[in-house]
>>> print(open('data07.tsv').read())   # TSV, C-alpha atoms (C1' of nucleotides)
chain	number	residue	atom	x	y	z
A	1	MET	CA	-74.87	165.31	-47.92
A	2	ALA	CA	-76.95	168.45	-48.39
A	3	PRO	CA	-75.80	171.92	-47.35
A	4	LEU	CA	-75.75	172.80	-43.70
A	5	GLN	CA	-78.76	174.98	-43.27
A	6	PRO	CA	-79.02	176.53	-39.84
A	7	SER	CA	-81.96	174.52	-38.61
A	8	PRO	CA	-85.26	175.35	-40.34
A	9	PRO	CA	-86.73	172.52	-42.41
A	10	THR	CA	-84.80	171.92	-45.59
A	11	ARG	CA	-87.91	170.76	-47.36
A	12	PRO	CA	-91.26	171.54	-45.79
A	13	LYS	CA	-93.12	168.34	-46.52
A	14	THR	CA	-96.25	169.02	-48.49
A	15	LYS	CA	-97.79	165.72	-49.46
A	16	LEU	CA	-98.84	162.71	-47.47
A	17	SER	CA	-98.10	159.42	-49.12
A	18	ASN	CA	-100.18	156.39	-48.21
A	19	ILE	CA	-97.54	154.92	-45.99
A	20	ASP	CA	-96.82	158.19	-44.30
A	21	ALA	CA	-100.49	158.66	-43.54
A	22	LEU	CA	-100.73	155.24	-41.97
A	23	ALA	CA	-97.46	155.51	-40.10
A	24	GLN	CA	-98.25	158.96	-38.77
A	25	ALA	CA	-101.72	157.93	-37.77
A	26	SER	CA	-100.38	154.95	-35.89
A	27	PHE	CA	-97.87	157.11	-34.06
A	28	LEU	CA	-100.65	159.50	-33.18
A	29	ILE	CA	-102.85	156.78	-31.76
A	30	GLN	CA	-100.03	155.14	-29.87
A	31	GLY	CA	-98.91	158.45	-28.49
A	32	THR	CA	-102.40	159.16	-27.22
A	33	LEU	CA	-102.64	155.79	-25.56
A	34	GLU	CA	-99.21	156.08	-24.06
A	35	ARG	CA	-99.93	159.49	-22.63
A	36	HIS	CA	-102.90	158.27	-20.68
A	37	ALA	CA	-101.05	155.22	-19.51
A	38	SER	CA	-98.06	157.16	-18.25
A	39	GLU	CA	-100.37	159.57	-16.46
A	40	ARG	CA	-101.49	156.53	-14.49
A	41	GLY	CA	-97.91	155.49	-13.97
A	42	PHE	CA	-97.57	152.61	-16.31
A	43	SER	CA	-96.21	151.96	-19.74
A	44	LEU	CA	-97.74	151.21	-23.09
A	45	ILE	CA	-96.79	147.57	-22.96
A	46	GLN	CA	-98.22	147.22	-19.47
A	47	THR	CA	-101.43	148.75	-20.77
A	48	ARG	CA	-101.44	146.32	-23.61
A	49	LEU	CA	-100.94	143.47	-21.21
A	50	LEU	CA	-103.86	144.57	-19.08
A	51	GLY	CA	-105.95	145.11	-22.20
A	52	VAL	CA	-105.34	141.56	-23.33
A	53	LEU	CA	-106.15	140.24	-19.87
A	54	ARG	CA	-109.52	141.95	-19.82
A	55	ASP	CA	-111.07	138.98	-21.54
A	56	ARG	CA	-108.55	136.16	-21.14
A	57	GLN	CA	-106.55	134.24	-18.59
A	58	PRO	CA	-103.66	133.07	-20.69
A	59	THR	CA	-100.47	131.31	-19.81
A	60	ILE	CA	-97.14	133.08	-20.14
A	61	ASN	CA	-96.55	131.38	-23.45
A	62	GLU	CA	-99.92	132.41	-24.82
A	63	LEU	CA	-99.24	135.95	-23.74
A	64	ALA	CA	-95.93	135.84	-25.53
A	65	GLN	CA	-97.72	134.88	-28.71
A	66	LEU	CA	-100.41	137.49	-28.30
A	67	LEU	CA	-97.95	140.28	-27.61
A	68	GLU	CA	-95.31	138.94	-29.96
A	69	LEU	CA	-92.67	138.93	-27.27
A	70	ASP	CA	-90.19	136.42	-25.99
A	71	LYS	CA	-91.49	134.42	-23.05
A	72	SER	CA	-88.71	135.76	-20.87
A	73	SER	CA	-89.87	139.27	-21.68
A	74	VAL	CA	-93.40	138.37	-20.70
A	75	SER	CA	-92.15	136.79	-17.52
A	76	GLY	CA	-90.58	140.07	-16.44
A	77	LEU	CA	-93.55	142.07	-17.64
A	78	VAL	CA	-95.95	140.00	-15.58
A	79	GLU	CA	-93.58	140.06	-12.65
A	80	ARG	CA	-93.58	143.85	-12.59
A	81	ALA	CA	-97.34	144.01	-13.07
A	82	GLU	CA	-97.84	141.56	-10.24
A	83	ARG	CA	-95.57	143.55	-7.96
A	84	ARG	CA	-97.89	146.50	-8.54
A	85	GLY	CA	-100.94	144.38	-7.81
A	86	LEU	CA	-102.36	144.66	-11.31
A	87	VAL	CA	-102.27	140.98	-12.20
A	88	GLN	CA	-102.12	137.67	-10.40
A	89	ARG	CA	-100.26	134.49	-11.20
A	90	THR	CA	-101.74	131.05	-10.57
A	91	ARG	CA	-100.14	127.70	-11.18
A	92	SER	CA	-102.27	125.70	-13.60
A	93	THR	CA	-103.71	122.53	-12.13
A	94	LEU	CA	-103.78	120.77	-15.47
A	95	ASP	CA	-100.17	121.37	-16.37
A	96	ARG	CA	-98.24	122.28	-13.28
A	97	ARG	CA	-95.46	123.78	-15.36
A	98	SER	CA	-97.62	126.56	-16.70
A	99	VAL	CA	-98.87	129.71	-15.05
A	100	LEU	CA	-102.20	131.39	-15.59
A	101	VAL	CA	-102.19	135.16	-15.54
A	102	ALA	CA	-105.33	136.98	-14.47
A	103	ILE	CA	-106.02	140.67	-14.08
A	104	THR	CA	-106.93	141.87	-10.60
A	105	ASP	CA	-109.82	144.16	-9.78
A	106	GLU	CA	-107.34	146.95	-9.32
A	107	GLY	CA	-105.79	146.30	-12.70
A	108	LEU	CA	-109.17	146.13	-14.33
A	109	THR	CA	-110.20	149.43	-12.82
A	110	LEU	CA	-107.01	151.06	-14.01
A	111	VAL	CA	-107.16	149.75	-17.54
A	112	ASN	CA	-110.79	150.72	-17.83
A	113	GLU	CA	-109.99	154.24	-16.77
A	114	VAL	CA	-107.26	154.48	-19.34
A	115	ALA	CA	-109.56	153.05	-21.98
A	116	LYS	CA	-112.18	155.63	-21.13
A	117	ARG	CA	-109.81	158.57	-21.47
A	118	PHE	CA	-108.34	157.08	-24.57
A	119	GLU	CA	-111.78	156.72	-26.08
A	120	ALA	CA	-112.51	160.34	-25.36
A	121	ASP	CA	-109.32	161.45	-27.06
A	122	VAL	CA	-109.99	159.29	-30.07
A	123	ALA	CA	-113.45	160.75	-30.32
A	124	ALA	CA	-111.89	164.21	-30.29
A	125	LEU	CA	-109.43	163.19	-32.98
A	126	LEU	CA	-112.24	161.94	-35.18
A	127	LYS	CA	-114.37	164.99	-34.64
A	128	PRO	CA	-113.31	166.68	-37.88
A	129	LEU	CA	-114.89	163.81	-39.77
A	130	ALA	CA	-118.59	163.57	-40.48
A	131	ALA	CA	-120.41	160.80	-38.68
A	132	SER	CA	-120.71	158.78	-41.86
A	133	GLU	CA	-117.02	159.21	-42.54
A	134	ARG	CA	-116.17	157.98	-39.07
A	135	ALA	CA	-118.28	154.92	-39.64
A	136	THR	CA	-116.57	154.30	-42.95
A	137	LEU	CA	-113.13	154.67	-41.41
A	138	ILE	CA	-113.89	152.17	-38.70
A	139	ARG	CA	-115.46	149.78	-41.14
A	140	LEU	CA	-112.45	149.88	-43.45
A	141	LEU	CA	-109.99	149.41	-40.63
A	142	GLY	CA	-112.12	146.57	-39.37
A	143	SER	CA	-111.96	144.86	-42.74
A	144	VAL	CA	-108.21	145.14	-42.79
A	145	LEU	CA	-107.92	143.75	-39.29
A	146	VAL	CA	-110.27	140.87	-39.92
A	147	ALA	CA	-108.52	139.91	-43.12
A	148	HIS	CA	-105.16	140.06	-41.41
A	149	ALA	CA	-106.33	138.06	-38.43
A	150	ALA	CA	-107.82	135.44	-40.69
A	151	GLU	CA	-104.55	135.12	-42.52
A	152	ARG	CA	-102.48	134.81	-39.40
A	153	GLY	CA	-104.82	132.40	-37.71
A	154	VAL	CA	-104.60	133.90	-34.26
A	155	ASP	CA	-107.18	135.60	-32.15
A	156	PHE	CA	-108.40	139.06	-31.74
B	1	MET	CA	-112.41	137.40	-9.89
B	2	ALA	CA	-113.81	134.93	-12.41
B	3	PRO	CA	-113.33	131.17	-12.20
B	4	LEU	CA	-109.97	129.70	-13.04
B	5	GLN	CA	-110.45	128.26	-16.48
B	6	PRO	CA	-107.50	126.25	-17.71
B	7	SER	CA	-106.33	128.70	-20.34
B	8	PRO	CA	-108.69	129.01	-23.32
B	9	PRO	CA	-110.26	132.45	-23.74
B	10	THR	CA	-112.87	133.15	-21.12
B	11	ARG	CA	-114.83	135.32	-23.50
B	12	PRO	CA	-114.11	135.02	-27.21
B	13	LYS	CA	-114.31	138.64	-28.28
B	14	THR	CA	-116.86	139.09	-31.01
B	15	LYS	CA	-117.23	142.77	-31.75
B	16	LEU	CA	-114.80	145.52	-32.57
B	17	SER	CA	-115.54	148.83	-30.94
B	18	ASN	CA	-114.29	151.99	-32.56
B	19	ILE	CA	-111.42	152.41	-30.18
B	20	ASP	CA	-110.42	148.80	-30.40
B	21	ALA	CA	-110.31	149.03	-34.17
B	22	LEU	CA	-108.05	152.05	-34.04
B	23	ALA	CA	-105.86	150.71	-31.30
B	24	GLN	CA	-105.46	147.35	-32.96
B	25	ALA	CA	-104.76	148.92	-36.30
B	26	SER	CA	-102.09	151.11	-34.80
B	27	PHE	CA	-100.44	148.15	-33.11
B	28	LEU	CA	-100.53	146.30	-36.40
B	29	ILE	CA	-98.86	149.13	-38.29
B	30	GLN	CA	-96.27	149.71	-35.61
B	31	GLY	CA	-95.51	146.04	-35.40
B	32	THR	CA	-94.95	145.89	-39.13
B	33	LEU	CA	-92.62	148.85	-39.04
B	34	GLU	CA	-90.74	147.53	-36.05
B	35	ARG	CA	-90.26	144.15	-37.66
B	36	HIS	CA	-88.51	145.59	-40.67
B	37	ALA	CA	-86.44	147.88	-38.51
B	38	SER	CA	-85.25	145.14	-36.22
B	39	GLU	CA	-84.38	142.99	-39.22
B	40	ARG	CA	-81.95	145.76	-40.11
B	41	GLY	CA	-80.72	145.86	-36.56
B	42	PHE	CA	-82.25	149.00	-35.26
B	43	SER	CA	-85.21	149.99	-33.18
B	44	LEU	CA	-88.48	151.68	-33.92
B	45	ILE	CA	-87.39	154.93	-32.37
B	46	GLN	CA	-84.15	154.91	-34.35
B	47	THR	CA	-86.21	154.38	-37.47
B	48	ARG	CA	-88.40	157.25	-36.53
B	49	LEU	CA	-85.37	159.41	-35.97
B	50	LEU	CA	-83.99	158.57	-39.39
B	51	GLY	CA	-87.40	159.11	-40.93
B	52	VAL	CA	-87.61	162.59	-39.50
B	53	LEU	CA	-84.10	163.36	-40.67
B	54	ARG	CA	-84.91	162.45	-44.25
B	55	ASP	CA	-86.11	165.95	-44.89
B	56	ARG	CA	-84.73	168.01	-42.04
B	57	GLN	CA	-81.56	168.93	-40.22
B	58	PRO	CA	-82.91	169.83	-36.84
B	59	THR	CA	-81.21	170.63	-33.59
B	60	ILE	CA	-81.46	168.31	-30.62
B	61	ASN	CA	-84.17	170.46	-29.15
B	62	GLU	CA	-86.20	170.47	-32.33
B	63	LEU	CA	-85.88	166.71	-32.50
B	64	ALA	CA	-87.11	166.45	-28.94
B	65	GLN	CA	-90.20	168.38	-29.92
B	66	LEU	CA	-90.78	166.38	-33.08
B	67	LEU	CA	-90.40	163.04	-31.35
B	68	GLU	CA	-91.99	164.19	-28.10
B	69	LEU	CA	-89.02	163.09	-26.06
B	70	ASP	CA	-86.90	164.67	-23.41
B	71	LYS	CA	-83.81	166.33	-24.84
B	72	SER	CA	-81.61	164.00	-22.82
B	73	SER	CA	-83.34	161.06	-24.46
B	74	VAL	CA	-82.66	162.53	-27.86
B	75	SER	CA	-79.08	163.14	-26.91
B	76	GLY	CA	-78.55	159.46	-26.25
B	77	LEU	CA	-80.57	158.45	-29.27
B	78	VAL	CA	-78.44	160.55	-31.57
B	79	GLU	CA	-75.30	159.41	-29.84
B	80	ARG	CA	-76.09	155.77	-30.54
B	81	ALA	CA	-77.12	156.51	-34.11
B	82	GLU	CA	-73.92	158.42	-34.67
B	83	ARG	CA	-71.84	155.59	-33.27
B	84	ARG	CA	-73.40	153.39	-35.96
B	85	GLY	CA	-72.64	155.93	-38.64
B	86	LEU	CA	-76.28	156.64	-39.42
B	87	VAL	CA	-76.25	160.24	-38.36
B	88	GLN	CA	-73.80	163.08	-38.05
B	89	ARG	CA	-73.59	165.86	-35.52
B	90	THR	CA	-72.41	169.33	-36.43
B	91	ARG	CA	-72.01	172.33	-34.19
B	92	SER	CA	-74.12	175.17	-35.48
B	93	THR	CA	-72.12	178.19	-36.56
B	94	LEU	CA	-74.93	180.57	-35.74
B	95	ASP	CA	-75.43	179.38	-32.19
B	96	ARG	CA	-72.44	177.47	-31.02
B	97	ARG	CA	-74.44	175.88	-28.24
B	98	SER	CA	-76.71	173.99	-30.57
B	99	VAL	CA	-76.03	170.90	-32.61
B	100	LEU	CA	-77.39	170.13	-36.04
B	101	VAL	CA	-78.21	166.53	-36.73
B	102	ALA	CA	-78.01	165.26	-40.29
B	103	ILE	CA	-78.57	161.80	-41.70
B	104	THR	CA	-75.62	160.17	-43.43
B	105	ASP	CA	-75.76	158.46	-46.79
B	106	GLU	CA	-75.60	155.16	-45.00
B	107	GLY	CA	-78.48	156.11	-42.75
B	108	LEU	CA	-80.49	157.33	-45.69
B	109	THR	CA	-79.95	154.10	-47.56
B	110	LEU	CA	-81.01	152.08	-44.56
B	111	VAL	CA	-84.12	154.05	-43.80
B	112	ASN	CA	-85.16	153.98	-47.42
B	113	GLU	CA	-84.84	150.23	-47.48
B	114	VAL	CA	-86.98	149.91	-44.42
B	115	ALA	CA	-89.51	152.30	-45.89
B	116	LYS	CA	-89.67	150.24	-49.04
B	117	ARG	CA	-90.33	147.00	-47.23
B	118	PHE	CA	-92.77	148.68	-44.96
B	119	GLU	CA	-94.63	150.10	-47.93
B	120	ALA	CA	-94.87	146.64	-49.46
B	121	ASP	CA	-96.31	145.21	-46.26
B	122	VAL	CA	-98.81	148.00	-45.95
B	123	ALA	CA	-99.88	147.43	-49.51
B	124	ALA	CA	-100.42	143.76	-48.66
B	125	LEU	CA	-102.43	144.72	-45.60
B	126	LEU	CA	-104.66	146.97	-47.65
B	127	LYS	CA	-105.14	144.42	-50.41
B	128	PRO	CA	-108.50	143.18	-49.09
B	129	LEU	CA	-109.89	146.65	-49.72
B	130	ALA	CA	-111.06	147.84	-53.10
B	131	ALA	CA	-108.95	150.56	-54.67
B	132	SER	CA	-111.60	153.16	-53.98
B	133	GLU	CA	-111.82	152.06	-50.38
B	134	ARG	CA	-108.08	152.36	-49.97
B	135	ALA	CA	-108.23	155.88	-51.31
B	136	THR	CA	-111.05	156.71	-48.93
B	137	LEU	CA	-109.16	155.29	-45.97
B	138	ILE	CA	-106.08	157.33	-46.74
B	139	ARG	CA	-108.12	160.45	-47.34
B	140	LEU	CA	-109.94	160.11	-44.02
B	141	LEU	CA	-106.76	159.46	-42.09
B	142	GLY	CA	-105.20	162.42	-43.84
B	143	SER	CA	-108.04	164.66	-42.74
B	144	VAL	CA	-107.62	163.55	-39.15
B	145	LEU	CA	-103.88	164.14	-39.26
B	146	VAL	CA	-104.16	167.54	-40.86
B	147	ALA	CA	-106.79	168.68	-38.39
B	148	HIS	CA	-104.71	167.45	-35.50
B	149	ALA	CA	-101.53	169.05	-36.79
B	150	ALA	CA	-103.33	172.33	-37.29
B	151	GLU	CA	-104.52	172.22	-33.73
B	152	ARG	CA	-101.15	171.44	-32.28
B	153	GLY	CA	-99.31	173.90	-34.45
B	154	VAL	CA	-96.28	171.75	-35.09
B	155	ASP	CA	-94.94	170.12	-38.20
B	156	PHE	CA	-95.76	167.06	-40.12
C	1	DC	C1'	-69.26	193.23	-16.43
C	2	DA	C1'	-72.88	190.11	-13.69
C	3	DT	C1'	-76.67	187.79	-14.45
C	4	DC	C1'	-80.51	184.98	-16.55
C	5	DT	C1'	-81.61	181.84	-20.02
C	6	DT	C1'	-80.90	178.25	-23.39
C	7	DA	C1'	-78.54	174.07	-25.64
C	8	DG	C1'	-76.75	169.95	-24.93
C	9	DT	C1'	-74.39	166.34	-22.16
C	10	DT	C1'	-73.72	163.41	-18.13
C	11	DG	C1'	-75.06	160.42	-14.44
C	12	DG	C1'	-78.43	157.83	-11.94
C	13	DT	C1'	-82.71	155.05	-12.01
C	14	DG	C1'	-86.21	152.20	-13.88
C	15	DT	C1'	-88.52	149.70	-17.74
C	16	DC	C1'	-88.24	146.65	-21.34
C	17	DA	C1'	-86.49	143.30	-24.70
C	18	DC	C1'	-83.44	139.67	-25.84
C	19	DG	C1'	-80.56	135.35	-25.50
C	20	DT	C1'	-78.82	131.82	-22.61
C	21	DA	C1'	-78.95	128.67	-19.05
C	22	DC	C1'	-81.45	126.43	-15.71
C	23	DG	C1'	-84.99	123.47	-12.63
C	24	DA	C1'	-89.39	121.49	-12.73
C	25	DA	C1'	-93.05	119.02	-14.95
C	26	DT	C1'	-94.63	116.44	-18.72
C	27	DA	C1'	-94.20	113.55	-22.77
C	28	DT	C1'	-92.05	109.94	-25.34
C	29	DA	C1'	-88.91	105.94	-26.19
C	30	DG	C1'	-87.21	101.69	-25.30
D	1	DC	C1'	-91.32	101.58	-15.80
D	2	DT	C1'	-86.85	103.94	-16.07
D	3	DA	C1'	-84.19	107.04	-19.53
D	4	DT	C1'	-84.39	110.66	-22.58
D	5	DA	C1'	-86.49	114.42	-24.76
D	6	DT	C1'	-89.46	118.39	-24.77
D	7	DT	C1'	-91.93	122.18	-22.79
D	8	DC	C1'	-92.95	125.89	-19.23
D	9	DG	C1'	-91.50	129.42	-16.78
D	10	DT	C1'	-87.73	131.89	-14.34
D	11	DA	C1'	-83.04	133.95	-13.41
D	12	DC	C1'	-79.22	136.34	-15.04
D	13	DG	C1'	-76.53	139.36	-17.93
D	14	DT	C1'	-76.61	142.89	-21.54
D	15	DG	C1'	-78.09	146.71	-24.10
D	16	DA	C1'	-81.47	150.16	-25.68
D	17	DC	C1'	-84.49	153.70	-24.06
D	18	DA	C1'	-86.83	157.07	-21.23
D	19	DC	C1'	-86.93	160.25	-17.52
D	20	DC	C1'	-85.12	163.70	-14.03
D	21	DA	C1'	-81.63	166.45	-11.93
D	22	DA	C1'	-77.28	168.50	-12.13
D	23	DC	C1'	-73.82	170.40	-14.89
D	24	DT	C1'	-70.90	173.11	-18.69
D	25	DA	C1'	-70.80	176.15	-22.43
D	26	DA	C1'	-72.63	179.81	-25.00
D	27	DG	C1'	-75.75	183.42	-25.80
D	28	DA	C1'	-78.95	187.16	-24.16
D	29	DT	C1'	-80.05	190.84	-21.00
D	30	DG	C1'	-79.57	194.10	-17.24
>>> encode(input="data07.tsv", output="C-alpha cells")
Amino acid sequence: MAPLQPSPPTRPKTKLSNIDALAQASFLIQGTLERHASERGFSLIQTRLLGVLRDRQPTINELAQLLELDKSSVSGLVERAERRGLVQRTRSTLDRRSVLVAITDEGLTLVNEVAKRFEADVAALLKPLAASERATLIRLLGSVLVAHAAERGVDF
Amino acid sequence: MAPLQPSPPTRPKTKLSNIDALAQASFLIQGTLERHASERGFSLIQTRLLGVLRDRQPTINELAQLLELDKSSVSGLVERAERRGLVQRTRSTLDRRSVLVAITDEGLTLVNEVAKRFEADVAALLKPLAASERATLIRLLGSVLVAHAAERGVDF
DNA sequence: CATCTTAGTTGGTGTCACGTACGAATATAG
DNA sequence: CTATATTCGTACGTGACACCAACTAAGATG
C-alpha cells in the first residue's frame, strides 16, 4: 500500500484525462453555484428547486422526476422552502390528491440574484478563452445536452 | 404570481443560455458519477475522497483544503470511510498531531470500478460529437481548469 | 518553563436523502 | 354502484453530511 510519505503529494498529477477534465469542470461549476447559494443561506438543491420552478408549476411527483429524487425527499424539500417563503403549495383542482408547487416573488428574486452572480463567475472562468472558443464550448455542451435529453425523453 | 395552470409547463423553455448550458452539463456529469457511486453503496463525496486519495496521502487538513470542507467534516468523512475499510488512518511520525490518510486496496479497487463505469458513461454522452469536437471540448475545458488552478494556487 | 498556535476529534444542530407506512382521492372491477 | 386497486402526497425513522464551537494533544515560541 505505498510507502508512508510524510504528506506531500506522492505523484504530482501532470495530465488531465478526458474524464478528469469533465469531472473537475463539473465540480468547479457546482462549487461556484453552491457558494453563491450558501451566501444567500440556502443549499444547492434548494437553488435547483427554485431554478426549475422559474418556468414551471409542477406537482411533487413531476418535481421528483425532474430532480431525480424520491417523492418523499421532494416533499421535505418543498416543505422547507415553503417555510422560508420561497415557494407556495396549492392543491390541484383537477386532481385533489396532487399539489402544485409555485415559486413566490421572494423566491424568484433570490434565485435570480444567485443566477446573476453565478453568471458573472462563469464569465470570469471563461475569460481565458477567446470569444470564439467560448462559443464553441457552449455549442458543444449544448449538443451533448440536447442529444441526451432527446434520448431520455424528458424536458429541459 | 401567474395563473394556476394544472401542471404542464407554463413556458416550455426553448433556448439554452451559456450559464444554463454549463449548469445543466455539470448536473448531468455529477448525476452520472453519483449514480455509479450509489450503486456501489457510497456517496458522491466519498467517491471524491477516494478519487483524491488515488495519488496522494494527505493529512486531514490538506484534505479539507482539497475538498473545500471544514476539517470536522473531513474528520467524519474519513471516519466513515475507514469504518468501511476504504481508507486507513496513520499518525504522522514527523508531527504526531497530524494524521495521514491513505486509500486501502479495497478502496482503490472500488474507486477504480466506479471510474471505469463513469468513463464509459461519459464516452456515451460524448458520442454525438465528432472525434475532433470531443478533443476540442476537452481542450477548452482543460484550459479553463488550468487557468483557474493557476489563479487559486492549489493543486489539481 | 508558560504560552500561543496547530491538528484533529467530539458534540450539537440543521439539511437532505431514502424506505416504509399511512390517509385521501381517484380509477377500475365486478 | 359498492369493492378493490392504484396514485398522490405526507409523516416518521434512520443515516450521511456539513457547519460551528469547544476541547485535547502536540508542536512552536517567548
>>> residues_near_point(input="data07.tsv", point="(-112.9, 146.8, -18.3)", cutoff="12 Å", atoms="all atoms listed in the file", output="compact mmCIF listing (two decimals) with C-alpha atoms, in the frame of the given file")
# COMPACT_ATOMS: atom_id res chain seq x y z
CA THR A 47 -101.43 148.75 -20.77
CA LEU A 50 -103.86 144.57 -19.08
CA GLY A 51 -105.95 145.11 -22.20
CA VAL A 52 -105.34 141.56 -23.33
CA LEU A 53 -106.15 140.24 -19.87
CA ARG A 54 -109.52 141.95 -19.82
CA ASP A 55 -111.07 138.98 -21.54
CA ARG A 56 -108.55 136.16 -21.14
CA ILE A 103 -106.02 140.67 -14.08
CA THR A 104 -106.93 141.87 -10.60
CA ASP A 105 -109.82 144.16 -9.78
CA GLU A 106 -107.34 146.95 -9.32
CA GLY A 107 -105.79 146.30 -12.70
CA LEU A 108 -109.17 146.13 -14.33
CA THR A 109 -110.20 149.43 -12.82
CA LEU A 110 -107.01 151.06 -14.01
CA VAL A 111 -107.16 149.75 -17.54
CA ASN A 112 -110.79 150.72 -17.83
CA GLU A 113 -109.99 154.24 -16.77
CA VAL A 114 -107.26 154.48 -19.34
CA ALA A 115 -109.56 153.05 -21.98
CA LYS A 116 -112.18 155.63 -21.13
>>> closest_atom_pairs(input="data07.tsv", of="chain C", to="chain B", cutoff="10 Å", atoms="all atoms listed in the file", output="CSV")
residue,atom,partner,partner_atom,distance
C:DT6,C1',B:Arg97,CA,8.4
C:DA7,C1',B:Arg97,CA,5.2
C:DG8,C1',B:Ser98,CA,6.9
C:DT9,C1',B:Ser75,CA,7.4
C:DT10,C1',B:Ser72,CA,9.2
>>> write_last_selection(input="data07.tsv", atoms="C-alpha atoms (C1' of nucleotides)", output="compact mmCIF listing (two decimals), in the coordinates of the input")
# COMPACT_ATOMS: atom_id res chain seq x y z
C1' DT C 6 -80.90 178.25 -23.39
C1' DA C 7 -78.54 174.07 -25.64
C1' DG C 8 -76.75 169.95 -24.93
C1' DT C 9 -74.39 166.34 -22.16
C1' DT C 10 -73.72 163.41 -18.13
>>> atom_distance(input="data07.tsv", atom1="CA of Leu125 (chain A)", atom2="CA of His148 (chain B)")
6.8 Å
>>> interface_residues(input="data07.tsv", of="chain D", to="chain A", cutoff="12 Å", atoms="only C-alpha atoms (C1' of nucleotides)", output="list in words")
DT7, DC8, DG9, DT10, DA11, DC12, DA18 and DC19 of chain D
>>> closest_residue(input="data07.tsv", among="A:Ala150, A:Leu86, A:Leu137, A:Leu44", to="chain B", atoms="only C-alpha atoms")
A:Leu137
>>> atom_distance(input="data07.tsv", atom1="CA of Glu82 (chain A)", atom2="CA of His36 (chain A)")
20.3 Å
>>> atom_distance(input="data07.tsv", atom1="CA of Val122 (chain A)", atom2="CA of Ile138 (chain B)")
17.2 Å
>>> closest_residue(input="data07.tsv", among="A:Leu94, A:Ala130, A:Glu68, A:Arg117", to="DT26 (chain C)", atoms="only C-alpha atoms (C1' of nucleotides)")
A:Leu94
>>> closest_residue(input="data07.tsv", among="A:Leu69, A:Leu22, A:Leu49, A:Leu63", to="chain B", atoms="all atoms listed in the file")
A:Leu22
>>> build_atoms(input="data07.tsv", residues="region 76-89 of chain A", atoms="N, CA and C atoms", output="PDB file, keeping the file's coordinate frame")
ATOM      1  N   GLY A  76     -90.921 138.851 -17.166  1.00  0.00           N
ATOM      2  CA  GLY A  76     -90.580 140.070 -16.440  1.00  0.00           C
ATOM      3  C   GLY A  76     -91.725 141.054 -16.408  1.00  0.00           C
ATOM      4  N   LEU A  77     -92.422 141.153 -17.532  1.00  0.00           N
ATOM      5  CA  LEU A  77     -93.550 142.070 -17.640  1.00  0.00           C
ATOM      6  C   LEU A  77     -94.598 141.729 -16.586  1.00  0.00           C
ATOM      7  N   VAL A  78     -94.937 140.455 -16.517  1.00  0.00           N
ATOM      8  CA  VAL A  78     -95.950 140.000 -15.580  1.00  0.00           C
ATOM      9  C   VAL A  78     -95.443 140.167 -14.149  1.00  0.00           C
ATOM     10  N   GLU A  79     -94.165 139.922 -13.983  1.00  0.00           N
ATOM     11  CA  GLU A  79     -93.580 140.060 -12.650  1.00  0.00           C
ATOM     12  C   GLU A  79     -93.761 141.493 -12.141  1.00  0.00           C
ATOM     13  N   ARG A  80     -93.445 142.453 -13.005  1.00  0.00           N
ATOM     14  CA  ARG A  80     -93.580 143.850 -12.590  1.00  0.00           C
ATOM     15  C   ARG A  80     -95.039 144.228 -12.350  1.00  0.00           C
ATOM     16  N   ALA A  81     -95.913 143.714 -13.231  1.00  0.00           N
ATOM     17  CA  ALA A  81     -97.340 144.010 -13.070  1.00  0.00           C
ATOM     18  C   ALA A  81     -97.867 143.407 -11.780  1.00  0.00           C
ATOM     19  N   GLU A  82     -97.377 142.217 -11.459  1.00  0.00           N
ATOM     20  CA  GLU A  82     -97.840 141.560 -10.240  1.00  0.00           C
ATOM     21  C   GLU A  82     -97.356 142.320  -9.011  1.00  0.00           C
ATOM     22  N   ARG A  83     -96.130 142.806  -9.088  1.00  0.00           N
ATOM     23  CA  ARG A  83     -95.570 143.550  -7.960  1.00  0.00           C
ATOM     24  C   ARG A  83     -96.413 144.800  -7.676  1.00  0.00           C
ATOM     25  N   ARG A  84     -97.039 145.321  -8.725  1.00  0.00           N
ATOM     26  CA  ARG A  84     -97.890 146.500  -8.540  1.00  0.00           C
ATOM     27  C   ARG A  84     -99.335 146.117  -8.225  1.00  0.00           C
ATOM     28  N   GLY A  85     -99.589 144.833  -8.158  1.00  0.00           N
ATOM     29  CA  GLY A  85    -100.940 144.380  -7.810  1.00  0.00           C
ATOM     30  C   GLY A  85    -101.939 144.466  -8.941  1.00  0.00           C
ATOM     31  N   LEU A  86    -101.446 144.517 -10.173  1.00  0.00           N
ATOM     32  CA  LEU A  86    -102.360 144.660 -11.310  1.00  0.00           C
ATOM     33  C   LEU A  86    -102.766 143.315 -11.895  1.00  0.00           C
ATOM     34  N   VAL A  87    -101.935 142.311 -11.703  1.00  0.00           N
ATOM     35  CA  VAL A  87    -102.270 140.980 -12.200  1.00  0.00           C
ATOM     36  C   VAL A  87    -101.912 139.955 -11.127  1.00  0.00           C
ATOM     37  N   GLN A  88    -102.354 138.730 -11.364  1.00  0.00           N
ATOM     38  CA  GLN A  88    -102.120 137.670 -10.400  1.00  0.00           C
ATOM     39  C   GLN A  88    -101.714 136.405 -11.139  1.00  0.00           C
ATOM     40  N   ARG A  89    -100.722 135.738 -10.594  1.00  0.00           N
ATOM     41  CA  ARG A  89    -100.260 134.490 -11.200  1.00  0.00           C
ATOM     42  C   ARG A  89    -100.831 133.307 -10.445  1.00  0.00           C
TER      43      ARG A  89
END
